[in-house]
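Okay, so here's the structure we're looking at.
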Amino acid sequence: MVKLDIIGDWQRTHYCGELTQSHTGQEVTLMGWVQRRRDHGGVIFVDLRDRTGIVQIVFNPEISVDAHKKAHALRSEWVLAVKGKVYRRPEGMENPKISTGYIEVMVSELKILNTSIQPPFLIEDSIDVGEPIRLSYRYLDLRRPRLLKNIIKRHLATQAVRQYFSSHGFIEVETPFLAKSTPEGARDFLVPSRLNPGKFYALPQSPQLFKQLLMVAGIDRYFQIVRCFRDEDLRADRQPEFTQIDLEMSFVTEEDIIAVSEGLMKELCKEVFDIEVSIPFPSFSYEEAMALYGSDRPDIRFDLKLKDLTEIFSDSNFKVFSETVKEGGLIKAINVKGGASLSRKEIDELTRFVMQFGAKGLAWIKVKGGNFHSPISKFLSLGEKEALRKALNLEDGDLVFFSADTPEVVHNCLGNLRVEIAKRMRLIHEDRFCFCWIRHFPMFEYDSAEGRWTTVHHPFTMPIEEEISYLPDEPERVHSHSYDIVLNGVEIGGGSIRIHRRDIQEMVFDIIQIGKEEAQEKFGFLLEALDYGAPPHGGIAFGFDRLLMLLCGCGSIRDVIAFPKTQKATCLTMDAPSKVEAQQLKELSIKLDLK
RNA sequence: GGGGCCGUAGUUCAGAUGGUGUAGAACGCUGGCCUGUCACGUCAGAGGUCGCGGGUUCAAGUCCCGUCGGCCCCGCCA
C-alpha cells in the first residue's frame, strides 16, 4: 500500500500549462494528475496535468534520491504535489508539440496526495470511448481537454452574455422554478406539493409569463440565463432540461429586439469564439423561407433552393404530377449541379430518406449530353421539357429531384433533402456561421387531431395589427409578430412581440378554445396584470446549449453540458431517476399505480 | 407510439455460411531491466458469464423469440 501524504502547508504557485521559458530558474509548486509516466530506471519523466495543460516533471536521483525512489510507484491519474525548479530543457530534448515543451521541472520534493485505480479509459482526447462509459464516468471524461474546453467556453460565454446585457441597461432577475402547470406547449415536469396534498407545481418550460409580469412591473429590460424544463423525447440537440438566454423589453418593436439580439450574437462570436459575423442578419418571412428552402430553419451556408414547377405540370400527361395539381398540391424541385454522377443506389437511398418525411416517392431526372435520363422522361412533353430546362437553368451533369404532394409534404421532403444532399456532396462550408431570421409565422395552425386551432408560437404572441380583423373567422390568414433566429440550419432562438391588451389576449384564447373559465383559472393572473397598465413589450429566448454546440463545433448538445441525460432521459452519472422510499411518497400523498 | 444501428477482455474492435486450437488483435494493466524520454524502449505475464433470459440443435458469440441498455431519426418538442 502506498503511504499517502497530506497537502500540509504547500500552496500551488503555478498551473501546469502556464509555465514557459520565462519561469526558468524559479522554484515552483505544482499540483495535478499523472498523465503518463516514463520510467527509465535511472531518470523518471512524468507528465503532470491540470485543467490548463501538462508539463513534464523530472525525477532524477542526483537531485533527490527520496523523490526518485517514490516516483517509481506512480501510476496514471494519481494526484501529486511537487516542488521543484524550472529548467530549460537540454538542447535537442524540446518537445514543440506541447506549449510547455521547452521547459521541465526538476522535482526536489514529491507528495502523493491520492492514488487512482485504473480508469475505464485513458484521459486523452484521441481515445475513442462509447458514450455510456463516458457518461457513467463523466468526472473522468471532463478531465479530457476537449470536453473541458467546451465547459470553459461555456463559462466565458455566460460572462460575455452578462457583460453585454449589463452594459445595455438590462437587469438580471431570477424567476421561480416551482411554477404552475398551464395548458399548451410541451409536457410539464410536475413536482408534488407536500403542504398542498393533491396539488402540483410545474417546472417552467420557459419563464415566459414571469418575464411578461416583470414588464408590467416596469423592469423595462430584463434578462436571465435560466434553466428550462420540457418533458418530451430527446434528440441530439434536445435535453429535458436546457438553458435559455432569456430577455424581454418594454416599449419596443420587433426591430429593437432583433437589433439587440444581433448585437449579442456578434459580440459572443467575436469575444469568446473569435468568429466574425456581420450584421444585420438576412431575414425571411415564413412564407419566403418555406418557398425557397422548404424549411422554417434554413441552412443558408449553401444554395440548392427549391423551385416551384406547379404551373408547368398542371396539365401534364404524367398523372402523378397533374393529379397532384388538381388536388391543390404543389410540384417543386431542386437542381443538384453535378448530381448526375450519383449512382442509382445513392438515388434509392435518397428516396428512402424522403419517405420518412411523408413522400410517396422521389422523381428525378439526370441531364446527360443534353438528354434527360429519367424514369419519368417518357411522360413529359417537349414543351414541358423545354420549360423545365429554362426554369431550372438545366445544364449537362445536373440532377433534378421532384416532389409532388401537399405543400407540407413537398416542403418537408425537399427541405430535408437539400440538407442531406449538401452533406453528402460536401457543399457545406463547415467553418462558416450563417445566421438568419425567419419572421411573421402564421399565428395559428389547425390541429386536426384535437379538432381545434392552436398557436404556432405561444398564445401570448401579438398578431400583426393589420390582420387582427380576420381573427374571429379566418384565423389562418393572421400572422404574428414572431421571429426565430437560425444558425446553420438549427433553430437557436425565438421570440415575439407580446399581447399587452386584455381584449386581444381574450380573443386569442377564444380562438384556441380556451374558455372564459379555463382562461381565468389558468391565466387569470396574466389577464389581470394586463389590466394594470401593461406596457407594449416583447422579447426572445436563445437556446444556449444549441448555440454553444454550434460554436464549439460539436454534433450534440451533450458535449457542452457537464452532466447531460441519455436519450431515455436518465443520468448515468448518478443513476437518476430512481425509486424513493414509501415514506417519501406518503408525505406527498402519492400512491403509485404501476402496471 | 414507430423505424434504423449497436452491445465480445479495463477500452476500441475482429470473429462469412452454426462445428480443428484453450474466443483473437491493438491500446491499457501487472512484474523485471533501462539516466533524456515525451505514443519511451525491451523481456515476461495476467485478464472473458460473448448485455441478460428463454428456444432451435448432437453442437450457439454466430440462428429464432423476448428483455435490458446506448446512439440516430419520425411522431412529439407553444
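Scheme for the C-alpha cells: letters A, B, ... for chains in order shown; per-chain residue numbers from 1; ligand numbers from 1 in order shown.
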Based on the backbone DSSP call, show me all residues of stretch 93-306 of chain A assigned strand (DSSP E or B), as an MDAnalysis selection string. chainID A and resid 103:114 171:172 179 190:192 200:202 221:229 235 238 241:250 283:285
Set out as a Markdown table a contact list for chain A and chain B with a cut-off of 7 Å, giving each residue of chain A that qualifies its closest atom pair and distance in Å to one decimal, counting only C-alpha atoms (C1' of nucleotides), ordered by chain and rising residue number.
| residue | atom | partner | partner_atom | distance |
| --- | --- | --- | --- | --- |
| A:Arg38 | CA | B:C40 | C1' | 6.4 |
| A:His40 | CA | B:C34 | C1' | 5.4 |
| A:Gly41 | CA | B:C34 | C1' | 5.5 |
| A:Gly42 | CA | B:U35 | C1' | 4.5 |
| A:Val43 | CA | B:U35 | C1' | 5.0 |
| A:Phe45 | CA | B:U37 | C1' | 6.9 |
| A:Pro120 | CA | B:G10 | C1' | 5.5 |
| A:Phe121 | CA | B:U11 | C1' | 5.7 |
| A:Asp128 | CA | B:U12 | C1' | 6.5 |
| A:Val129 | CA | B:U11 | C1' | 6.9 |
| A:Pro132 | CA | B:G70 | C1' | 6.0 |
| A:Glu184 | CA | B:A78 | C1' | 5.6 |
| A:Gly185 | CA | B:A78 | C1' | 3.8 |
| A:Ala186 | CA | B:C77 | C1' | 6.1 |
| A:Glu232 | CA | B:C77 | C1' | 5.9 |
| A:Asp233 | CA | B:C76 | C1' | 6.8 |
| A:Gln356 | CA | B:C74 | C1' | 6.5 |
| A:Thr455 | CA | B:A78 | C1' | 6.4 |
| A:Val456 | CA | B:A78 | C1' | 6.5 |
| A:His457 | CA | B:A78 | C1' | 5.2 |
| A:His458 | CA | B:A78 | C1' | 4.2 |
For the structure I just gave you, how does DSSP split stretch 242-396 of chain A - specifically, which residues are alpha helix (DSSP H)? Reply as an MDAnalysis selection string. chainID A and resid 254:273 286:293 319:326 344:355 382:391
Writing out the chosen residues with C-alpha atoms as an mmCIF file, in the first residue's frame:
data_model
loop_
_atom_site.group_PDB
_atom_site.id
_atom_site.type_symbol
_atom_site.label_atom_id
_atom_site.label_comp_id
_atom_site.auth_asym_id
_atom_site.auth_seq_id
_atom_site.Cartn_x
_atom_site.Cartn_y
_atom_site.Cartn_z
ATOM 1 C CA GLU A 254 -39.588 43.701 -33.492
ATOM 2 C CA GLU A 255 -36.697 45.639 -34.951
ATOM 3 C CA ASP A 256 -35.460 46.632 -31.497
ATOM 4 C CA ILE A 257 -35.403 43.049 -30.262
ATOM 5 C CA ILE A 258 -33.696 41.920 -33.430
ATOM 6 C CA ALA A 259 -31.034 44.601 -33.155
ATOM 7 C CA VAL A 260 -30.260 43.741 -29.529
ATOM 8 C CA SER A 261 -30.111 40.052 -30.439
ATOM 9 C CA GLU A 262 -27.788 40.595 -33.359
ATOM 10 C CA GLY A 263 -25.503 42.675 -31.170
ATOM 11 C CA LEU A 264 -25.386 39.875 -28.636
ATOM 12 C CA MET A 265 -24.603 37.210 -31.246
ATOM 13 C CA LYS A 266 -21.914 39.328 -32.849
ATOM 14 C CA GLU A 267 -20.224 40.058 -29.550
ATOM 15 C CA LEU A 268 -20.454 36.492 -28.298
ATOM 16 C CA CYS A 269 -18.996 35.105 -31.516
ATOM 17 C CA LYS A 270 -16.162 37.582 -31.527
ATOM 18 C CA GLU A 271 -15.232 37.743 -27.845
ATOM 19 C CA VAL A 272 -15.472 34.063 -26.982
ATOM 20 C CA PHE A 273 -15.014 32.207 -30.257
ATOM 21 C CA TYR A 286 -42.025 32.482 -43.001
ATOM 22 C CA GLU A 287 -43.585 32.098 -46.443
ATOM 23 C CA GLU A 288 -40.350 33.045 -48.192
ATOM 24 C CA ALA A 289 -38.354 30.575 -46.159
ATOM 25 C CA MET A 290 -40.762 27.756 -46.875
ATOM 26 C CA ALA A 291 -40.917 28.616 -50.575
ATOM 27 C CA LEU A 292 -37.156 28.890 -51.058
ATOM 28 C CA TYR A 293 -35.832 26.325 -48.593
ATOM 29 C CA LYS A 319 -50.600 11.710 -63.903
ATOM 30 C CA VAL A 320 -48.684 11.776 -60.636
ATOM 31 C CA PHE A 321 -47.976 15.444 -61.336
ATOM 32 C CA SER A 322 -51.217 16.606 -62.898
ATOM 33 C CA GLU A 323 -53.359 14.833 -60.296
ATOM 34 C CA THR A 324 -51.377 16.456 -57.529
ATOM 35 C CA VAL A 325 -52.023 19.867 -59.034
ATOM 36 C CA LYS A 326 -55.693 19.098 -59.449
ATOM 37 C CA ARG A 344 -28.806 4.537 -58.819
ATOM 38 C CA LYS A 345 -28.053 3.141 -55.366
ATOM 39 C CA GLU A 346 -27.477 6.613 -53.959
ATOM 40 C CA ILE A 347 -30.702 7.879 -55.516
ATOM 41 C CA ASP A 348 -32.530 4.926 -53.955
ATOM 42 C CA GLU A 349 -31.072 5.850 -50.586
ATOM 43 C CA LEU A 350 -32.274 9.416 -51.003
ATOM 44 C CA THR A 351 -35.704 8.129 -51.972
ATOM 45 C CA ARG A 352 -35.859 6.157 -48.750
ATOM 46 C CA PHE A 353 -34.636 9.255 -46.955
ATOM 47 C CA VAL A 354 -37.514 11.457 -48.165
ATOM 48 C CA MET A 355 -40.084 8.767 -47.500
ATOM 49 C CA LEU A 382 -41.332 18.536 -75.374
ATOM 50 C CA GLY A 383 -42.883 21.751 -74.121
ATOM 51 C CA GLU A 384 -42.604 20.628 -70.521
ATOM 52 C CA LYS A 385 -39.000 19.623 -71.003
ATOM 53 C CA GLU A 386 -38.207 22.975 -72.523
ATOM 54 C CA ALA A 387 -39.964 24.836 -69.740
ATOM 55 C CA LEU A 388 -38.098 22.727 -67.216
ATOM 56 C CA ARG A 389 -34.763 23.444 -68.874
ATOM 57 C CA LYS A 390 -35.485 27.138 -68.635
ATOM 58 C CA ALA A 391 -36.953 27.221 -65.142
#
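Among the candidates A:Asp484, A:Glu465, A:Asp447, A:Glu172, the residue lying nearest to A:Gln224 is A:Glu172 (atoms considered: only C-alpha atoms).
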Residues at most 12 Å from B:U62, counting only C-alpha atoms (C1' of nucleotides), excluding those fewer than 3 positions away in the same chain, as a list in words? U8, G15, A16, U17, G18, G19, A23 and C50 of chain B
Include N, CA and C atoms (P, O5', C5', C4', C3', O3' and C1' of nucleotides) and write out the residues we just selected as a CSV table (one decimal), in the first residue's frame.
chain,number,residue,atom,x,y,z
B,8,U,P,-19.6,-5.3,-25.9
B,8,U,O5',-19.4,-6.9,-26.3
B,8,U,C5',-19.6,-7.9,-25.4
B,8,U,C4',-18.7,-9.0,-25.5
B,8,U,C3',-17.2,-8.6,-25.3
B,8,U,O3',-16.8,-8.5,-24.0
B,8,U,C1',-17.4,-9.9,-27.3
B,15,G,P,-15.6,-9.5,-38.5
B,15,G,O5',-14.9,-10.9,-38.2
B,15,G,C5',-15.7,-12.1,-38.1
B,15,G,C4',-15.0,-13.1,-37.3
B,15,G,C3',-15.9,-14.2,-36.8
B,15,G,O3',-16.0,-15.3,-37.7
B,15,G,C1',-14.6,-13.3,-35.0
B,16,A,P,-17.5,-15.8,-38.2
B,16,A,O5',-17.6,-15.4,-39.8
B,16,A,C5',-18.2,-14.2,-40.2
B,16,A,C4',-19.0,-14.4,-41.5
B,16,A,C3',-19.9,-15.6,-41.6
B,16,A,O3',-21.1,-15.3,-40.9
B,16,A,C1',-18.8,-15.3,-43.6
B,17,U,P,-21.8,-16.5,-40.0
B,17,U,O5',-22.3,-17.5,-41.2
B,17,U,C5',-23.5,-17.3,-41.9
B,17,U,C4',-23.7,-18.3,-42.9
B,17,U,C3',-23.7,-19.8,-42.5
B,17,U,O3',-24.8,-20.2,-41.8
B,17,U,C1',-22.5,-19.6,-44.5
B,18,G,P,-24.7,-21.3,-40.6
B,18,G,O5',-23.3,-21.1,-39.9
B,18,G,C5',-23.1,-20.2,-38.9
B,18,G,C4',-22.7,-20.9,-37.6
B,18,G,C3',-21.7,-22.0,-37.7
B,18,G,O3',-20.8,-22.0,-36.6
B,18,G,C1',-23.6,-22.8,-36.6
B,19,G,P,-19.3,-22.2,-36.8
B,19,G,O5',-19.0,-23.7,-36.3
B,19,G,C5',-19.1,-23.9,-34.8
B,19,G,C4',-18.3,-25.1,-34.5
B,19,G,C3',-17.1,-25.4,-35.3
B,19,G,O3',-16.1,-26.0,-34.5
B,19,G,C1',-18.5,-27.2,-35.6
B,23,A,P,-11.5,-20.7,-25.5
B,23,A,O5',-10.8,-19.7,-26.6
B,23,A,C5',-10.9,-19.9,-28.0
B,23,A,C4',-11.2,-18.6,-28.7
B,23,A,C3',-10.4,-17.4,-28.2
B,23,A,O3',-9.1,-17.4,-28.9
B,23,A,C1',-12.7,-16.8,-28.4
B,50,C,P,-20.3,-15.6,-21.8
B,50,C,O5',-19.9,-14.1,-22.3
B,50,C,C5',-21.0,-13.1,-22.5
B,50,C,C4',-20.5,-12.3,-23.7
B,50,C,C3',-21.6,-12.2,-24.8
B,50,C,O3',-21.6,-10.9,-25.4
B,50,C,C1',-19.6,-13.1,-25.7
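Once A:Arg37 and its same-chain neighbours fewer than 5 positions away are set aside, A:Val43, A:Ile44, A:Phe45, A:Val46, A:Asp47, A:Leu48, A:Arg49, A:Val55, A:Gln56, A:Ile57, A:Val58, A:Phe59, A:Ala71, A:His72, A:Ala73, A:Leu74, A:Arg75, A:Ser76, A:Glu77, A:Trp78, B:U37, B:C38, B:C40 remain within 12 Å of it when counting only C-alpha atoms (C1' of nucleotides).
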Tell me which protein, DNA and RNA residues are within 10 Å of A:Leu304, counting only C-alpha atoms (C1' of nucleotides), leaving out same-chain ones fewer than 3 positions away, and put them as a ChimeraX atom specification. /A:292-293,300,307,333-337,414-415,417-419,421-422,427
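Restricting the calculation to only C-alpha atoms (C1' of nucleotides), the smallest distance between B:A9 and any of B:A46, B:A39, B:C52, B:C68 is found for B:A46.
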Could you give me, as a VMD selection string, the residues within 9 Å of A:Arg498, counting only C-alpha atoms (C1' of nucleotides) and dropping anything in the same chain fewer than 5 positions from it? chain A and resid 212 459 to 463 481 to 482 536 to 539
Selection export as a PDB file, in the first residue's frame, atoms kept: N, CA, C and O atoms:
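Output file again_23.pdb follows:
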ATOM      1  N   GLN A 212     -43.107  38.528 -18.623  1.00  0.00           N
ATOM      2  CA  GLN A 212     -44.124  39.496 -19.019  1.00  0.00           C
ATOM      3  C   GLN A 212     -44.609  40.287 -17.803  1.00  0.00           C
ATOM      4  O   GLN A 212     -44.822  41.499 -17.883  1.00  0.00           O
ATOM      5  N   PRO A 459     -49.525  31.426 -27.015  1.00  0.00           N
ATOM      6  CA  PRO A 459     -50.777  32.188 -27.046  1.00  0.00           C
ATOM      7  C   PRO A 459     -50.607  33.659 -26.649  1.00  0.00           C
ATOM      8  O   PRO A 459     -51.576  34.409 -26.687  1.00  0.00           O
ATOM      9  N   PHE A 460     -49.415  34.055 -26.266  1.00  0.00           N
ATOM     10  CA  PHE A 460     -49.209  35.432 -25.813  1.00  0.00           C
ATOM     11  C   PHE A 460     -48.558  36.289 -26.894  1.00  0.00           C
ATOM     12  O   PHE A 460     -48.130  37.411 -26.657  1.00  0.00           O
ATOM     13  N   THR A 461     -48.488  35.696 -28.094  1.00  0.00           N
ATOM     14  CA  THR A 461     -47.861  36.376 -29.218  1.00  0.00           C
ATOM     15  C   THR A 461     -48.831  37.346 -29.875  1.00  0.00           C
ATOM     16  O   THR A 461     -49.992  37.028 -30.103  1.00  0.00           O
ATOM     17  N   MET A 462     -48.326  38.522 -30.198  1.00  0.00           N
ATOM     18  CA  MET A 462     -49.155  39.583 -30.769  1.00  0.00           C
ATOM     19  C   MET A 462     -49.407  39.334 -32.259  1.00  0.00           C
ATOM     20  O   MET A 462     -48.461  39.181 -33.034  1.00  0.00           O
ATOM     21  N   PRO A 463     -50.679  39.295 -32.641  1.00  0.00           N
ATOM     22  CA  PRO A 463     -50.973  39.204 -34.075  1.00  0.00           C
ATOM     23  C   PRO A 463     -50.572  40.511 -34.755  1.00  0.00           C
ATOM     24  O   PRO A 463     -50.529  41.557 -34.107  1.00  0.00           O
ATOM     25  N   HIS A 481     -46.359  38.769 -34.826  1.00  0.00           N
ATOM     26  CA  HIS A 481     -45.091  39.486 -34.667  1.00  0.00           C
ATOM     27  C   HIS A 481     -44.078  38.541 -34.021  1.00  0.00           C
ATOM     28  O   HIS A 481     -43.639  38.746 -32.900  1.00  0.00           O
ATOM     29  N   SER A 482     -43.735  37.499 -34.756  1.00  0.00           N
ATOM     30  CA  SER A 482     -42.828  36.492 -34.193  1.00  0.00           C
ATOM     31  C   SER A 482     -41.579  36.380 -35.051  1.00  0.00           C
ATOM     32  O   SER A 482     -41.576  36.767 -36.217  1.00  0.00           O
ATOM     33  N   PRO A 536     -46.531  47.983 -23.896  1.00  0.00           N
ATOM     34  CA  PRO A 536     -46.185  47.143 -25.047  1.00  0.00           C
ATOM     35  C   PRO A 536     -44.814  46.522 -24.786  1.00  0.00           C
ATOM     36  O   PRO A 536     -43.910  47.220 -24.305  1.00  0.00           O
ATOM     37  N   HIS A 537     -44.662  45.256 -25.089  1.00  0.00           N
ATOM     38  CA  HIS A 537     -43.382  44.614 -24.796  1.00  0.00           C
ATOM     39  C   HIS A 537     -43.171  43.398 -25.681  1.00  0.00           C
ATOM     40  O   HIS A 537     -44.112  42.906 -26.313  1.00  0.00           O
ATOM     41  N   GLY A 538     -41.947  42.944 -25.699  1.00  0.00           N
ATOM     42  CA  GLY A 538     -41.622  41.760 -26.489  1.00  0.00           C
ATOM     43  C   GLY A 538     -40.248  41.262 -26.089  1.00  0.00           C
ATOM     44  O   GLY A 538     -39.511  41.916 -25.346  1.00  0.00           O
ATOM     45  N   GLY A 539     -39.914  40.106 -26.583  1.00  0.00           N
ATOM     46  CA  GLY A 539     -38.610  39.553 -26.205  1.00  0.00           C
ATOM     47  C   GLY A 539     -38.244  38.361 -27.050  1.00  0.00           C
ATOM     48  O   GLY A 539     -38.844  38.094 -28.094  1.00  0.00           O
TER      49      GLY A 539
END
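Of the listed residues (A:Asp188, A:Asp545, A:Glu450, A:Glu581), A:Asp545 comes nearest to A:Arg154; the distances count only C-alpha atoms.
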